[in-house]
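Engineer: model_19.txt (compact mmCIF, C-alpha atoms) pasted underneath:
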```txt
# COMPACT_ATOMS: atom_id res chain seq x y z
CA MET D 1 136.49 10.82 -31.39
CA THR D 2 138.42 10.55 -34.64
CA SER D 3 141.78 11.96 -35.52
CA GLN D 4 139.90 14.80 -37.19
CA SER D 5 139.36 16.27 -33.71
CA ALA D 6 142.54 17.95 -32.54
CA PHE D 7 141.97 20.56 -29.84
CA ILE D 8 144.15 23.67 -29.96
CA GLY D 9 145.33 25.52 -26.87
CA ARG D 10 147.86 28.28 -26.48
CA GLN D 11 150.33 29.71 -23.99
CA PRO D 12 151.93 33.14 -24.34
CA VAL D 13 155.69 33.39 -24.87
CA LEU D 14 157.01 36.65 -23.41
CA ASN D 15 160.19 38.67 -23.63
CA ARG D 16 162.06 40.11 -20.62
CA ASN D 17 159.60 43.01 -20.39
CA GLN D 18 156.67 40.58 -20.31
CA GLN D 19 155.63 41.69 -23.79
CA LEU D 20 154.08 39.07 -25.99
CA ILE D 21 156.33 37.76 -28.76
CA GLY D 22 154.17 34.78 -29.70
CA TYR D 23 152.21 31.74 -28.59
CA GLU D 24 153.11 28.14 -28.12
CA LEU D 25 150.28 26.26 -29.79
CA LEU D 26 149.27 23.22 -27.76
CA PHE D 27 147.44 20.23 -29.18
CA ARG D 28 145.43 17.40 -27.72
CA ALA D 29 144.71 14.94 -30.46
CA SER D 30 141.93 12.85 -28.96
CA GLU D 31 139.54 12.22 -26.14
CA GLU D 32 141.80 9.42 -24.93
CA ALA D 33 144.89 11.62 -24.66
CA ASN D 34 145.83 11.98 -21.01
CA SER D 35 147.57 15.27 -21.56
CA ALA D 36 148.47 17.70 -24.30
CA GLY D 37 151.63 15.66 -24.70
CA PRO D 38 154.15 18.44 -25.31
CA HIS D 39 156.31 16.08 -27.33
CA SER D 40 153.62 13.81 -28.75
CA GLU D 41 154.18 12.64 -32.29
CA LEU D 42 150.61 13.25 -33.39
CA GLN D 43 151.54 11.06 -36.39
CA ALA D 44 148.14 10.54 -38.02
CA ASP D 45 147.11 13.93 -36.68
CA THR D 46 149.96 15.83 -38.30
CA GLN D 47 147.82 16.51 -41.34
CA VAL D 48 144.85 17.43 -39.18
CA LEU D 49 147.00 19.81 -37.17
CA VAL D 50 148.38 21.67 -40.16
CA ASN D 51 145.08 21.62 -42.05
CA THR D 52 143.32 23.01 -39.00
CA LEU D 53 145.68 25.95 -38.93
CA ASN D 54 145.40 26.52 -42.65
CA ASN D 55 141.63 26.09 -42.82
CA MET D 56 141.18 28.67 -40.09
CA GLY D 57 143.62 31.01 -41.76
CA THR D 58 146.94 32.14 -40.37
CA SER D 59 146.31 35.87 -40.65
CA TRP D 60 146.84 36.26 -36.92
CA LEU D 61 150.40 35.01 -37.41
CA ILE D 62 151.17 37.99 -39.62
CA GLY D 63 152.92 40.89 -37.95
CA ASN D 64 155.41 40.43 -35.15
CA LYS D 65 153.82 37.41 -33.43
CA LEU D 66 155.26 33.93 -33.61
CA ALA D 67 153.70 30.48 -33.38
CA PHE D 68 155.75 27.87 -31.51
CA ILE D 69 154.62 24.41 -32.65
CA ASN D 70 155.79 21.18 -31.00
CA VAL D 71 157.21 18.72 -33.52
CA GLY D 72 158.32 15.12 -33.28
CA GLU D 73 160.02 13.15 -36.02
CA ALA D 74 156.81 12.56 -38.00
CA MET D 75 155.97 16.25 -38.06
CA LEU D 76 159.53 17.37 -38.76
CA THR D 77 159.81 15.17 -41.85
CA SER D 78 156.30 15.90 -43.14
CA ASP D 79 155.71 17.98 -46.26
CA PHE D 80 152.86 19.77 -44.51
CA LEU D 81 155.26 22.14 -42.77
CA GLU D 82 155.88 23.97 -46.03
CA LEU D 83 152.20 25.02 -46.00
CA LEU D 84 152.81 27.22 -42.97
CA PRO D 85 154.25 30.76 -43.10
CA PRO D 86 157.92 30.10 -42.22
CA ARG D 87 158.76 33.57 -40.89
CA ARG D 88 156.00 33.25 -38.30
CA VAL D 89 156.56 29.64 -37.21
CA ILE D 90 159.05 28.29 -34.68
CA LEU D 91 159.43 24.50 -34.68
CA ASP D 92 159.72 23.29 -31.09
CA ILE D 93 161.91 20.15 -31.18
CA ALA D 94 161.47 17.54 -28.44
CA PRO D 95 164.54 16.65 -26.32
CA ASP D 96 164.41 12.94 -27.18
CA ILE D 97 164.21 13.35 -30.93
CA SER D 98 166.62 11.23 -32.97
CA ALA D 99 169.73 13.13 -34.06
CA SER D 100 170.00 11.21 -37.33
CA SER D 101 171.82 12.75 -40.27
CA GLU D 102 168.48 12.84 -42.13
CA LEU D 103 166.77 14.89 -39.41
CA LEU D 104 169.74 17.21 -38.94
CA SER D 105 169.75 17.82 -42.70
CA ARG D 106 166.00 18.46 -42.59
CA ALA D 107 166.42 20.98 -39.75
CA ARG D 108 169.12 22.78 -41.74
CA HIS D 109 166.81 22.93 -44.76
CA LEU D 110 163.87 24.26 -42.72
CA ARG D 111 166.09 26.99 -41.27
CA SER D 112 167.09 27.95 -44.81
CA LEU D 113 163.38 28.34 -45.67
CA GLY D 114 162.97 30.81 -42.82
CA PHE D 115 161.51 28.60 -40.08
CA GLY D 116 162.79 29.14 -36.56
CA ILE D 117 164.05 26.22 -34.49
CA ALA D 118 163.50 25.93 -30.74
CA LEU D 119 164.90 23.15 -28.54
CA ASP D 120 162.38 22.19 -25.89
CA ASP D 121 163.34 21.18 -22.31
CA PHE D 122 166.98 21.48 -23.37
CA SER D 123 170.01 19.87 -21.79
CA PHE D 124 173.44 19.20 -23.28
CA GLU D 125 172.92 15.50 -22.53
CA ALA D 126 169.69 15.28 -24.58
CA GLN D 127 169.73 13.94 -28.14
CA SER D 128 168.33 17.28 -29.33
CA ALA D 129 171.62 18.98 -28.34
CA ALA D 130 172.87 17.95 -31.78
CA PHE D 131 170.43 20.49 -33.25
CA LEU D 132 171.94 23.39 -31.25
CA GLU D 133 173.81 24.76 -34.27
CA PHE D 134 170.47 25.34 -36.05
CA ALA D 135 168.54 26.70 -33.05
CA ASN D 136 167.32 30.27 -32.60
CA TYR D 137 165.61 29.51 -29.28
CA VAL D 138 166.48 27.22 -26.41
CA LYS D 139 163.86 26.46 -23.75
CA LEU D 140 164.87 25.50 -20.22
CA ASP D 141 162.19 23.77 -18.15
CA ILE D 142 162.42 25.16 -14.62
CA GLN D 143 160.18 22.39 -13.28
CA ASN D 144 162.55 19.68 -14.50
CA ARG D 145 165.74 21.12 -13.01
CA ASN D 146 166.94 21.90 -9.52
CA THR D 147 167.93 25.54 -9.07
CA ASN D 148 171.66 24.91 -9.29
CA HIS D 149 171.41 22.83 -12.48
CA PHE D 150 169.11 25.42 -14.05
CA GLN D 151 171.61 28.23 -13.23
CA VAL D 152 174.55 26.27 -14.67
CA LEU D 153 172.63 25.47 -17.85
CA ALA D 154 171.48 29.08 -18.29
CA ALA D 155 175.04 30.36 -17.79
CA ARG D 156 176.56 27.83 -20.22
CA LEU D 157 174.09 28.81 -22.96
CA ARG D 158 175.16 32.46 -22.74
CA SER D 159 178.03 31.67 -25.11
CA TYR D 160 175.64 30.43 -27.81
CA PRO D 161 173.77 32.77 -30.21
CA VAL D 162 170.32 31.68 -28.99
CA ILE D 163 167.37 33.27 -27.22
CA ARG D 164 166.98 31.51 -23.87
CA ILE D 165 163.39 30.99 -22.73
CA ALA D 166 162.43 29.74 -19.28
CA GLU D 167 159.39 27.48 -19.65
CA ARG D 168 156.83 26.16 -17.17
CA VAL D 169 157.31 29.21 -14.94
CA GLU D 170 154.54 28.84 -12.39
CA THR D 171 155.52 30.84 -9.30
CA HIS D 172 156.63 34.35 -8.43
CA GLU D 173 159.94 32.96 -7.12
CA GLN D 174 160.65 31.05 -10.34
CA TYR D 175 159.94 34.13 -12.44
CA HIS D 176 162.30 36.32 -10.41
CA LEU D 177 165.04 33.67 -10.42
CA CYS D 178 164.83 33.46 -14.22
CA LYS D 179 164.91 37.23 -14.54
CA GLU D 180 167.96 37.50 -12.28
CA LEU D 181 169.71 34.85 -14.39
CA GLY D 182 169.19 37.07 -17.43
CA MET D 183 166.82 34.76 -19.29
CA ASP D 184 165.60 36.36 -22.51
CA GLY D 185 162.02 35.14 -22.36
CA PHE D 186 159.41 33.37 -20.28
CA GLN D 187 156.52 31.00 -20.68
CA GLY D 188 154.20 29.42 -18.16
CA TYR D 189 150.90 29.47 -16.36
CA TYR D 190 152.26 32.03 -13.86
CA PHE D 191 151.51 34.77 -16.38
CA ALA D 192 147.78 34.01 -16.52
CA LYS D 193 146.92 33.16 -12.93
CA PRO D 194 146.50 35.26 -9.79
CA GLU D 195 148.77 35.16 -6.80
CA THR D 196 147.50 35.63 -3.25
CA LEU D 197 146.29 39.20 -3.29
CA SER D 198 145.66 41.63 -0.48
CA ALA D 199 142.88 44.21 -0.32
CA ARG D 200 143.69 47.55 -1.92
CA VAL D 201 142.07 50.95 -2.04
CA ILE D 202 140.44 51.49 -5.41
CA HIS D 203 142.12 54.24 -7.40
CA PRO D 204 139.90 57.23 -8.42
CA THR D 205 140.25 56.56 -12.18
CA PHE D 206 139.35 52.92 -11.66
CA SER D 207 136.45 54.03 -9.48
CA ASN D 208 135.14 56.37 -12.19
CA ALA D 209 135.25 53.61 -14.81
CA LEU D 210 133.41 51.23 -12.47
CA GLU D 211 130.78 53.83 -11.64
CA LEU D 212 130.25 54.56 -15.32
CA LEU D 213 129.90 50.85 -16.08
CA ASN D 214 127.27 50.54 -13.37
CA LEU D 215 125.31 53.54 -14.67
CA LEU D 216 125.31 52.12 -18.19
CA ARG D 217 124.25 48.70 -16.92
CA MET D 218 121.30 50.39 -15.12
CA ASP D 219 120.40 52.41 -18.23
CA ALA D 220 120.81 55.61 -16.21
CA ASP D 221 119.99 59.11 -17.40
CA LEU D 222 122.44 60.59 -19.92
CA ARG D 223 123.15 63.53 -17.58
CA GLN D 224 124.46 61.17 -14.90
CA VAL D 225 126.77 59.55 -17.44
CA GLU D 226 128.03 62.99 -18.52
CA GLN D 227 128.83 63.95 -14.92
CA ILE D 228 131.24 61.03 -14.58
CA LEU D 229 132.96 61.85 -17.87
CA LYS D 230 133.31 65.53 -16.93
CA ARG D 231 135.23 64.73 -13.77
CA ASP D 232 137.73 62.36 -15.41
CA VAL D 233 139.92 64.09 -17.98
CA ALA D 234 141.74 60.94 -19.12
CA LEU D 235 138.51 58.98 -19.56
CA SER D 236 136.76 61.76 -21.47
CA PHE D 237 139.78 62.36 -23.72
CA LYS D 238 139.99 58.68 -24.61
CA LEU D 239 136.25 58.49 -25.28
CA LEU D 240 136.22 61.48 -27.62
CA ARG D 241 139.30 60.21 -29.44
CA TYR D 242 137.72 56.77 -29.83
CA VAL D 243 134.29 57.96 -30.95
CA ASN D 244 135.76 60.39 -33.49
CA SER D 245 137.87 57.63 -35.02
CA ALA D 246 134.85 55.30 -35.01
CA ALA D 247 132.69 57.99 -36.63
CA ALA D 248 135.30 59.05 -39.20
CA GLY D 249 132.89 58.31 -42.03
CA LEU D 250 130.25 60.69 -40.68
CA ASN D 251 132.10 63.82 -41.86
CA THR D 252 131.54 65.48 -38.50
CA THR D 253 133.58 66.06 -35.37
CA ILE D 254 132.08 64.95 -32.08
CA SER D 255 133.05 67.33 -29.29
CA SER D 256 130.38 66.87 -26.63
CA PHE D 257 129.95 63.92 -24.30
CA SER D 258 126.22 63.72 -24.92
CA HIS D 259 126.81 63.52 -28.70
CA ALA D 260 129.53 60.90 -28.19
CA VAL D 261 127.30 58.74 -26.02
CA THR D 262 124.37 59.15 -28.42
CA VAL D 263 126.50 58.12 -31.41
CA LEU D 264 127.92 55.08 -29.62
CA GLY D 265 124.89 54.01 -27.61
CA TYR D 266 125.07 52.55 -24.12
CA LYS D 267 125.90 49.00 -25.21
CA LYS D 268 128.87 49.99 -27.36
CA LEU D 269 130.07 52.42 -24.70
CA TYR D 270 129.91 49.66 -22.09
CA ARG D 271 131.94 47.35 -24.31
CA TRP D 272 134.52 50.08 -24.99
CA LEU D 273 134.84 50.74 -21.27
CA THR D 274 135.50 47.08 -20.48
CA LEU D 275 138.32 47.09 -23.03
CA LEU D 276 139.70 50.29 -21.56
CA LEU D 277 139.53 48.88 -18.05
CA VAL D 278 141.62 45.79 -18.74
CA THR D 279 144.17 47.52 -20.97
CA ALA D 280 144.92 50.41 -18.61
CA SER D 281 145.56 49.31 -15.04
CA ASP D 282 145.87 51.85 -12.24
CA ASP D 283 149.63 52.22 -12.30
CA GLY D 284 150.17 51.36 -15.97
CA ARG D 285 152.52 48.55 -15.00
CA ALA D 286 150.32 45.57 -15.86
CA PRO D 287 152.16 43.28 -18.29
CA PRO D 288 150.93 43.83 -21.87
CA ALA D 289 150.63 40.06 -22.36
CA LEU D 290 148.29 39.78 -19.37
CA GLN D 291 146.09 42.55 -20.76
CA LYS D 292 146.01 40.80 -24.12
CA THR D 293 145.10 37.49 -22.46
CA ALA D 294 142.11 39.18 -20.79
CA VAL D 295 140.87 40.65 -24.08
CA THR D 296 141.41 37.33 -25.88
CA ARG D 297 139.39 35.53 -23.20
CA GLY D 298 136.50 37.95 -23.69
CA ARG D 299 136.40 37.58 -27.46
CA PHE D 300 136.95 33.80 -27.29
CA MET D 301 134.01 33.37 -24.89
CA GLU D 302 131.79 35.62 -27.00
CA LEU D 303 132.55 33.56 -30.12
CA LEU D 304 131.93 30.30 -28.25
CA GLY D 305 128.53 31.70 -27.27
CA GLU D 306 127.82 32.36 -30.94
CA GLN D 307 128.86 28.79 -31.78
CA LEU D 308 126.32 27.59 -29.22
CA GLY D 309 123.61 29.76 -30.78
CA LEU D 310 123.16 31.94 -27.70
CA HIS D 311 121.26 35.24 -27.83
CA HIS D 312 123.27 38.38 -28.65
CA ASP D 313 122.85 39.71 -25.09
CA GLU D 314 124.17 36.44 -23.65
CA CYS D 315 127.20 36.66 -25.94
CA ASP D 316 127.79 40.22 -24.72
CA ASN D 317 127.75 38.94 -21.15
CA LEU D 318 130.26 36.23 -22.06
CA PHE D 319 132.54 38.93 -23.46
CA ILE D 320 132.31 40.79 -20.13
CA VAL D 321 132.99 37.64 -18.06
CA GLY D 322 136.07 36.75 -20.10
CA MET D 323 137.41 40.31 -20.00
CA PHE D 324 136.83 40.72 -16.27
CA SER D 325 138.21 37.29 -15.32
CA LEU D 326 141.70 38.77 -14.88
CA LEU D 327 140.76 42.05 -13.18
CA ASP D 328 141.98 40.64 -9.87
CA VAL D 329 145.44 40.08 -11.33
CA LEU D 330 145.52 43.30 -13.35
CA PHE D 331 144.52 45.46 -10.39
CA ASP D 332 146.19 43.39 -7.69
CA MET D 333 143.11 42.94 -5.55
CA PRO D 334 140.83 40.01 -4.74
CA MET D 335 138.00 39.36 -7.19
CA ALA D 336 135.48 39.63 -4.32
CA ASN D 337 136.58 43.22 -3.70
CA ILE D 338 136.18 44.13 -7.36
CA LEU D 339 132.76 42.48 -7.64
CA GLU D 340 131.55 44.54 -4.69
CA HIS D 341 131.97 47.62 -6.86
CA LEU D 342 130.44 46.17 -10.02
CA GLN D 343 126.69 45.91 -10.29
CA LEU D 344 126.62 42.80 -12.45
CA PRO D 345 123.77 40.30 -12.82
CA LEU D 346 124.05 37.29 -10.48
CA PRO D 347 124.97 34.76 -13.24
CA LEU D 348 128.00 36.90 -14.17
CA ILE D 349 129.09 37.24 -10.55
CA GLU D 350 128.75 33.49 -9.99
CA ALA D 351 130.71 32.76 -13.17
CA LEU D 352 133.54 35.09 -12.11
CA SER D 353 133.72 34.11 -8.46
CA GLU D 354 132.73 30.43 -8.49
CA ARG D 355 132.85 29.33 -12.16
CA LYS D 356 129.15 28.45 -11.88
CA GLY D 357 126.58 27.92 -14.62
CA GLN D 358 127.09 27.81 -18.37
CA MET D 359 129.14 31.02 -18.34
CA GLY D 360 131.33 29.61 -15.58
CA ALA D 361 131.90 26.43 -17.58
CA LEU D 362 132.81 28.45 -20.68
CA LEU D 363 135.24 30.48 -18.58
CA GLN D 364 136.80 27.25 -17.26
CA LEU D 365 137.15 25.98 -20.83
CA THR D 366 138.75 29.25 -21.95
CA CYS D 367 141.26 29.14 -19.09
CA SER D 368 142.01 25.46 -19.79
CA CYS D 369 143.11 26.43 -23.29
CA GLU D 370 145.90 28.48 -21.66
CA ASP D 371 147.09 25.61 -19.46
CA GLY D 372 150.18 23.76 -20.66
CA GLN D 373 148.43 20.40 -20.37
CA LEU D 374 145.06 21.56 -21.78
CA ALA D 375 143.60 20.02 -18.62
CA GLY D 376 139.85 19.57 -18.88
CA VAL D 377 139.49 20.83 -22.46
CA VAL D 378 138.08 17.61 -23.89
CA GLU D 379 135.71 17.02 -20.96
CA LEU D 380 134.44 20.61 -20.82
CA SER D 381 133.96 20.76 -24.60
CA ALA D 382 131.88 17.58 -24.46
CA ARG D 383 129.83 18.93 -21.55
CA LEU D 384 129.13 22.17 -23.41
CA GLN D 385 128.48 20.26 -26.67
CA LEU D 386 131.25 22.07 -28.52
CA SER D 387 133.23 20.19 -31.16
CA ALA D 388 136.99 20.55 -31.61
CA ASP D 389 136.37 22.44 -34.86
CA GLN D 390 134.03 24.92 -33.14
CA LEU D 391 136.48 25.47 -30.31
CA ASN D 392 139.48 25.90 -32.60
CA GLN D 393 137.70 28.26 -35.00
CA ALA D 394 136.58 30.48 -32.12
CA HIS D 395 140.04 30.34 -30.57
CA VAL D 396 142.02 31.37 -33.64
CA ALA D 397 139.37 33.97 -34.62
CA ALA D 398 139.71 35.51 -31.14
CA LEU D 399 143.49 35.71 -31.51
CA ALA D 400 143.10 37.34 -34.93
CA TRP D 401 140.58 39.85 -33.58
CA VAL D 402 142.89 40.88 -30.74
CA GLU D 403 145.83 41.27 -33.13
CA ASP D 404 143.66 43.53 -35.29
CA LEU D 405 142.98 45.73 -32.24
CA GLY D 406 146.70 46.45 -32.13
CA LEU D 407 146.94 46.13 -28.35
```
Once you've parsed the file, please lay out its structure as structure tokens.

Structural biologist:
Amino acid sequence: MTSQSAFIGRQPVLNRNQQLIGYELLFRASEEANSAGPHSELQADTQVLVNTLNNMGTSWLIGNKLAFINVGEAMLTSDFLELLPPRRVILDIAPDISASSELLSRARHLRSLGFGIALDDFSFEAQSAAFLEFANYVKLDIQNRNTNHFQVLAARLRSYPVIRIAERVETHEQYHLCKELGMDGFQGYYFAKPETLSARVIHPTFSNALELLNLLRMDADLRQVEQILKRDVALSFKLLRYVNSAAAGLNTTISSFSHAVTVLGYKKLYRWLTLLLVTASDDGRAPPALQKTAVTRGRFMELLGEQLGLHHDECDNLFIVGMFSLLDVLFDMPMANILEHLQLPLPLIEALSERKGQMGALLQLTCSCEDGQLAGVVELSARLQLSADQLNQAHVAALAWVEDLGL
């Protein structure tokens, strides 16, 4: 694999309310790379990295989302940085970077252009501490510190005008410790993976959505579909609001369920319902970033299916698998319990429960792109016969699509 193949991954960066403020973009430069190398120089791949972002467009960076990009000395001094939109990009400086007068001057200049500066895996003993006067963000790696050291570091940084982000948060306990310490933001695989869940009673609204999905999947009679909508005020209100906005160009108002369903069709209605399901959990307390991750997974998998030349119906199924892959976390119940209530084809069930088949492999690949080490991305891409370019294009297009939804 040449240096023209740099795989892109991502990990959400969240504020205290678990709302998404941006993504750390992760890169694995080659097949031989053992890990994503959070502080890898990427020297020859610097141009590839920036070109990849520019070739795919950076429209998804527009708005209030940020891109955190790891930089070493080669990247920091490269002219390619000026090709990126500075107000959207945070340069994540490695802890062992040289604090030469040249690099400090360069950091000052980049700040003046509008770029943000983040100090990764920060400590006051690290060489990168010299860059503290230019930093907007400071990241503290909870995996690299004992609890006491982490607390002392977090407290000491309170007197600096920086946003403190806890990174590599992977457990419930770590998250709550960071929150109690008043950390301003969080990052880590904890926010995209399930904990041990106990069985729960399915809420009526959730039950109605599931029943409606099953009826649509079975191509049931329109009257049966109407009955479900008539007994769920919230669901019917949202449907009519959605279909009227979607049909704005028809110069007519849609006020009946049968008309709404006829205008949309069963396939579009099913797709709309899956979006509704993952963006509106039972108690409304699901973290917005987790909801967005689920929707991004769905779109990412659908686009990967298109890259592989799969049939439209198969791509639709990939969308469903990606969307539903976090239902266990969103609704705080085991996936097996949820699948009992969803009449899905066997390949979808096996993909969701056991990561089996082509859909299961695509789901694994999608999840690997959220992992801080991009574990398995190269191997899974090769197995699925997807190039780095295909993967990256689908990935960034999925992020752009989700931003356009305004979730």

Engineer: Set the distance at 10 Å and use only C-alpha atoms: which residues neighbour D:Ile320 once local chain neighbours fewer than 6 positions away are removed? I'd like the list as a ChimeraX atom specification.

Structural biologist: /D:270-271,274-275,294-295,297-299,301-302,314,344,348,352

Engineer: For the residues in that selection, give me C-alpha atoms as a PDB file, in the frame of the given file.

Structural biologist:
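The file below, again02.pdb, is the result:
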```pdb
ATOM      1  CA  TYR D 270     129.910  49.660 -22.090  1.00  0.00           C
ATOM      2  CA  ARG D 271     131.940  47.350 -24.310  1.00  0.00           C
ATOM      3  CA  THR D 274     135.500  47.080 -20.480  1.00  0.00           C
ATOM      4  CA  LEU D 275     138.320  47.090 -23.030  1.00  0.00           C
ATOM      5  CA  ALA D 294     142.110  39.180 -20.790  1.00  0.00           C
ATOM      6  CA  VAL D 295     140.870  40.650 -24.080  1.00  0.00           C
ATOM      7  CA  ARG D 297     139.390  35.530 -23.200  1.00  0.00           C
ATOM      8  CA  GLY D 298     136.500  37.950 -23.690  1.00  0.00           C
ATOM      9  CA  ARG D 299     136.400  37.580 -27.460  1.00  0.00           C
ATOM     10  CA  MET D 301     134.010  33.370 -24.890  1.00  0.00           C
ATOM     11  CA  GLU D 302     131.790  35.620 -27.000  1.00  0.00           C
ATOM     12  CA  GLU D 314     124.170  36.440 -23.650  1.00  0.00           C
ATOM     13  CA  LEU D 344     126.620  42.800 -12.450  1.00  0.00           C
ATOM     14  CA  LEU D 348     128.000  36.900 -14.170  1.00  0.00           C
ATOM     15  CA  LEU D 352     133.540  35.090 -12.110  1.00  0.00           C
TER      16      LEU D 352
END
```

Engineer: What's around D:Gly305 at 12 Å? Count all atoms listed in the file, leave out sequence neighbours fewer than 2 positions away in its own chain, and write the answer as JSON, numbers by chain.

Structural biologist: {"D": [298, 299, 300, 301, 302, 303, 307, 308, 309, 310, 311, 312, 313, 314, 315, 316, 317, 318, 319, 321, 322, 358, 359, 361, 362, 363, 366, 384, 385, 386, 390, 391, 394]}

Engineer: Contacts of D:Leu132 at 10 Å or less, counting all atoms listed in the file, minus same-chain residues fewer than 6 places along, as a ChimeraX atom specification?

Structural biologist: /D:117-119,122,124,138,160-162

Engineer: Could you check how far atom CA of D:Glu173 sits from atom CA of D:Asn144, in Å to one decimal?

Structural biologist: 15.4 Å

Engineer: Quick one: pull the distance between atom CA of D:Ala260 and atom CA of D:Leu222, Å, one decimal.

Structural biologist: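 Here the two named atoms are 10.9 Å from each other.
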
Engineer: Please tell me which residues are no farther than 6 Å from (169.1, 9.4, -31.6) in the file, counting all atoms listed in the file, and write them as a list in words.

Structural biologist: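 Here is the list of nearby residues: Ser98, Ala99 and Gln127 of chain D.
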
Engineer: Quick one: of D:His395, D:Arg106, D:Arg241, D:Lys179, who's nearest to D:Glu73, counting all atoms listed in the file?

Structural biologist: D:Arg106

Engineer: Between atom CA of D:Ser105 and atom CA of D:Ile69, what is the distance in Å, rounded to a tenth?

Structural biologist: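 Going from atom CA of D:Ser105 over to atom CA of D:Ile69, I get 19.3 Å.
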
Engineer: When you look at stretch 13-23 of chain D with a cut-off of 8 Å (counting all atoms listed in the file), what residues show up, excluding the ones that are within fewer than 3 positions of it in the same chain? I need them as a PyMOL selection string.

Structural biologist: chain D and resi 10+64-68+179+183-188+287-289

Engineer: Restricting the calculation to only C-alpha atoms, which member of D:Ser258, D:Gln343, D:Ser100, D:Ser245 is positioned closest to D:Gln227?

Structural biologist: D:Ser258

Engineer: Using all atoms listed in the file, list the residues that have an atom at most 7 Å from (142.7, 43.6, -20.6), coordinates as in the file, as number ranges by chain.

Structural biologist: D: 275, 277-279, 290-295, 323

Engineer: Select, from D:Ser256, D:Ser112, D:Gln393, D:Thr262, the residue with the minimum atom-to-atom distance to D:Phe134, counting all atoms listed in the file.

Structural biologist: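 For D:Phe134, the nearest of the given residues is D:Ser112.
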
Engineer: So, counting all atoms listed in the file, which residue among D:His341, D:Arg87, D:Gln11, D:His149 is closest to D:Leu399?

Structural biologist: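 Going through D:His341, D:Arg87, D:Gln11, D:His149 one by one, the smallest distance to D:Leu399 is for D:Gln11.
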
Engineer: Rank D:Leu104, D:Leu269, D:Val169, D:Leu81 by their smallest atom-to-atom distance to D:Leu215, using only C-alpha atoms, and report the top residue only.

Structural biologist: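 Selected residue with least distance to D:Leu215: D:Leu269.
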
Engineer: From the list D:Ile163, D:Ala107, D:Met335, D:Leu157, which residue is nearest D:Glu350 when using all atoms listed in the file?

Structural biologist: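 Smallest distance to D:Glu350 is found for D:Met335.
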
Engineer: If we count only C-alpha atoms, what is near D:His172 at a cut-off of 10 Å, once residues fewer than 2 positions away on the same chain are taken out, given as a VMD selection string?

Structural biologist: chain D and resid 169 to 170 174 to 177 190 to 191 195

Engineer: Kindly add N, CA, C and O atoms to the incomplete stretch 384-393 of chain D and provide the output as a compact mmCIF listing (two decimals), in the coordinates of the input.

Structural biologist:
```
# COMPACT_ATOMS: atom_id res chain seq x y z
N LEU D 384 129.76 20.99 -22.81
CA LEU D 384 129.13 22.17 -23.41
C LEU D 384 128.63 21.90 -24.83
O LEU D 384 128.09 22.79 -25.47
N GLN D 385 128.88 20.67 -25.32
CA GLN D 385 128.48 20.26 -26.67
C GLN D 385 129.15 21.13 -27.75
O GLN D 385 128.52 21.57 -28.70
N LEU D 386 130.44 21.34 -27.54
CA LEU D 386 131.25 22.07 -28.52
C LEU D 386 132.23 21.09 -29.15
O LEU D 386 132.93 20.36 -28.45
N SER D 387 132.29 21.08 -30.47
CA SER D 387 133.23 20.19 -31.16
C SER D 387 134.62 20.84 -31.17
O SER D 387 134.77 22.04 -30.92
N ALA D 388 135.63 20.02 -31.50
CA ALA D 388 136.99 20.55 -31.61
C ALA D 388 137.05 21.65 -32.67
O ALA D 388 137.69 22.68 -32.47
N ASP D 389 136.36 21.43 -33.79
CA ASP D 389 136.37 22.44 -34.86
C ASP D 389 135.78 23.77 -34.38
O ASP D 389 136.32 24.84 -34.66
N GLN D 390 134.66 23.70 -33.65
CA GLN D 390 134.03 24.92 -33.14
C GLN D 390 134.96 25.65 -32.18
O GLN D 390 135.09 26.87 -32.23
N LEU D 391 135.58 24.88 -31.30
CA LEU D 391 136.48 25.47 -30.31
C LEU D 391 137.68 26.12 -31.01
O LEU D 391 138.03 27.27 -30.72
N ASN D 392 138.28 25.39 -31.93
CA ASN D 392 139.48 25.90 -32.60
C ASN D 392 139.19 27.13 -33.46
O ASN D 392 139.97 28.07 -33.50
N GLN D 393 138.06 27.10 -34.16
CA GLN D 393 137.70 28.26 -35.00
C GLN D 393 137.51 29.50 -34.14
O GLN D 393 137.99 30.59 -34.48
```
